[in-house]
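Visitor: Structure incoming, see below.
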Amino acid sequence: MGSSLNAPSRFRNGARTLTDRLVTGIAVFSTILVLLPLVAILGYLIYKGASSLNLAFFTKVPVPVGQSGGGMANSIVGSGIILLVASVIGIPLGIAAGVYLAEYGPGSWLGHVIRFTADVLNGVPSIVMGIVAYSLIVSKQHHFSALAGGIALAIMMVPTVTRTTEEMLATVPTALREAALGLGIPQWRTIVSVSLRAASPGIITGCMLAFARVAGETAPLLFTAFGNQFWSLNLNQPMAALPLQLYTYAVSPYDEWHRLAWAGALVLILLIMISVTLVRLFAARNSLAGGR
């Protein structure tokens, strides 16, 4: 009699165990599917480009057609400068807009306008951003420049950072804000010291996503930075960039340039991965320090 009463219970326990294992298996399989393209791309880039990496690649500028050797040192440095300009302009603007949406204007008409504009900008093709930057900056200056390229990329970064900042600040408990305000702390200080600090991991993730998105963009730089075969550190002049150099080499009919293009693509991916990893480690270290 007792065993017959326990049978339904054992059946339910077995069904729950089976369901748990099935869902766990699906989750693991989905994770593998997500990681597989990244591993395949990175592996293929290593296979095609690793053999072309040498000291000259990181220290020399491109050589004329028909000559072997050369490198992309000016393009690597140029990409770093342009991305630095874009980050200095785009990240603060995006965070400030996200703070306004979450803290000051969540239901105001201006907040709705900013939110709608950010969503629209997220879907605008990058080549359109380049054309707009060309019309507003390059055509007015009558020359291409790294600054114009940085501004074009910054415009692309702003909507991602804005929406991520807004969403992350919305997850901060209201009780934290009320506790700070109850102690007599001004609202601006509460936002800086409490809200932004609590939401910083998510905001940093959004900034990294925006950075990774624009790091490999070519179309905006074609209309703004334009590229340069020589060393140039002047923000008001055309400047080389890895995506531009990759595009030039990839569409050429020369095998030597194709070989360097694969190496440049590998370096670009590795630089993005290293930058994102360093930022995450720095953010995690600061989070642990703040927890102590």
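Letters A, B, ... go to the chains of the structure tokens in the order shown; residues in each chain start at 1; ligands are counted from 1 in the same order.
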Give me, as a tab-separated table (two decimals) with C-alpha atoms, in the first residue's frame, all polymer residues having an atom no more than 7 Å from Val276 of chain A, counting only C-alpha atoms and skipping those fewer than 4 positions away in the same chain.

Guide:
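Written file, out14.tsv:
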```tsv
chain	number	residue	atom	x	y	z
A	208	MET	CA	32.50	47.90	-24.46
A	272	ILE	CA	39.47	44.41	-29.59
A	280	ARG	CA	36.46	44.12	-17.68
```

Visitor: Step one, run DSSP on the backbone; step two, keep only residues of segment 40-78 of chain A assigned to helix (DSSP H, G or I); then write them as a list in words.

Guide: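 Those in segment 40-78 of chain A that DSSP calls helix (DSSP H, G or I) are Ala40, Ile41, Leu42, Gly43, Tyr44, Leu45, Ile46, Tyr47, Lys48, Gly49, Ala50, Ser51, Ser52, Leu55, Ala56, Phe57, Phe58, Thr59, Ala73, Asn74, Ser75, Ile76, Val77 and Gly78 of chain A.
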
Visitor: Any chance you could export the current selection's C-alpha atoms as a compact mmCIF listing (two decimals), in the first residue's frame?

Guide:
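Written out: result.txt:
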```txt
# COMPACT_ATOMS: atom_id res chain seq x y z
CA ALA A 40 35.77 29.34 -35.96
CA ILE A 41 36.47 32.93 -37.06
CA LEU A 42 39.38 33.36 -34.66
CA GLY A 43 40.83 29.99 -35.61
CA TYR A 44 40.60 30.73 -39.34
CA LEU A 45 42.20 34.15 -38.87
CA ILE A 46 45.05 32.57 -36.92
CA TYR A 47 45.48 29.97 -39.67
CA LYS A 48 45.57 32.58 -42.45
CA GLY A 49 47.26 35.50 -40.75
CA ALA A 50 49.54 34.29 -37.97
CA SER A 51 52.34 33.35 -40.37
CA SER A 52 52.49 36.95 -41.66
CA LEU A 55 58.39 42.62 -36.20
CA ALA A 56 58.17 44.53 -39.49
CA PHE A 57 54.37 44.26 -39.47
CA PHE A 58 54.24 46.24 -36.20
CA THR A 59 57.07 48.69 -36.96
CA ALA A 73 52.28 50.24 -37.83
CA ASN A 74 50.73 53.55 -38.88
CA SER A 75 47.31 51.90 -39.24
CA ILE A 76 47.46 50.33 -35.77
CA VAL A 77 48.43 53.63 -34.14
CA GLY A 78 45.88 55.52 -36.25
```

Visitor: One decimal, in Å: what's the spacing between atom CA of Gly66 of chain A and atom CA of Tyr249 of chain A?

Guide: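 Atom CA of Tyr249 of chain A lies 13.1 Å from atom CA of Gly66 of chain A.
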
Visitor: Skipping near chain neighbours, those fewer than 2 positions away, what residues fall within 12 Å of Ile191 of chain A using only C-alpha atoms, listed as a ChimeraX atom specification?

Guide: /A:95-96,98-100,102-104,169-170,172,174,176-178,180-181,185-189,193-200

Visitor: What's around segment 146-163 of chain A at 8 Å? Count only C-alpha atoms, leave out sequence neighbours fewer than 5 positions away in its own chain, and write the answer as a ChimeraX atom specification.

Guide: /A:82-87,89-91,93-98,115,118-119,121-122,126,129-130,133-134,137-138,203,206-207,209-211,213-214,220-221,223-225,234-239

Visitor: If you measure from atom CA of Ser79 of chain A to atom CA of Gln229 of chain A, what distance in Å do you get, rounded to one decimal?

Guide: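 Atom CA of Ser79 of chain A sits 13.4 Å away from atom CA of Gln229 of chain A.
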
Visitor: Could you please determine the separation between atom CA of Leu260 of chain A and atom CA of Met72 of chain A in Å, to one decimal place?

Guide: 8.5 Å
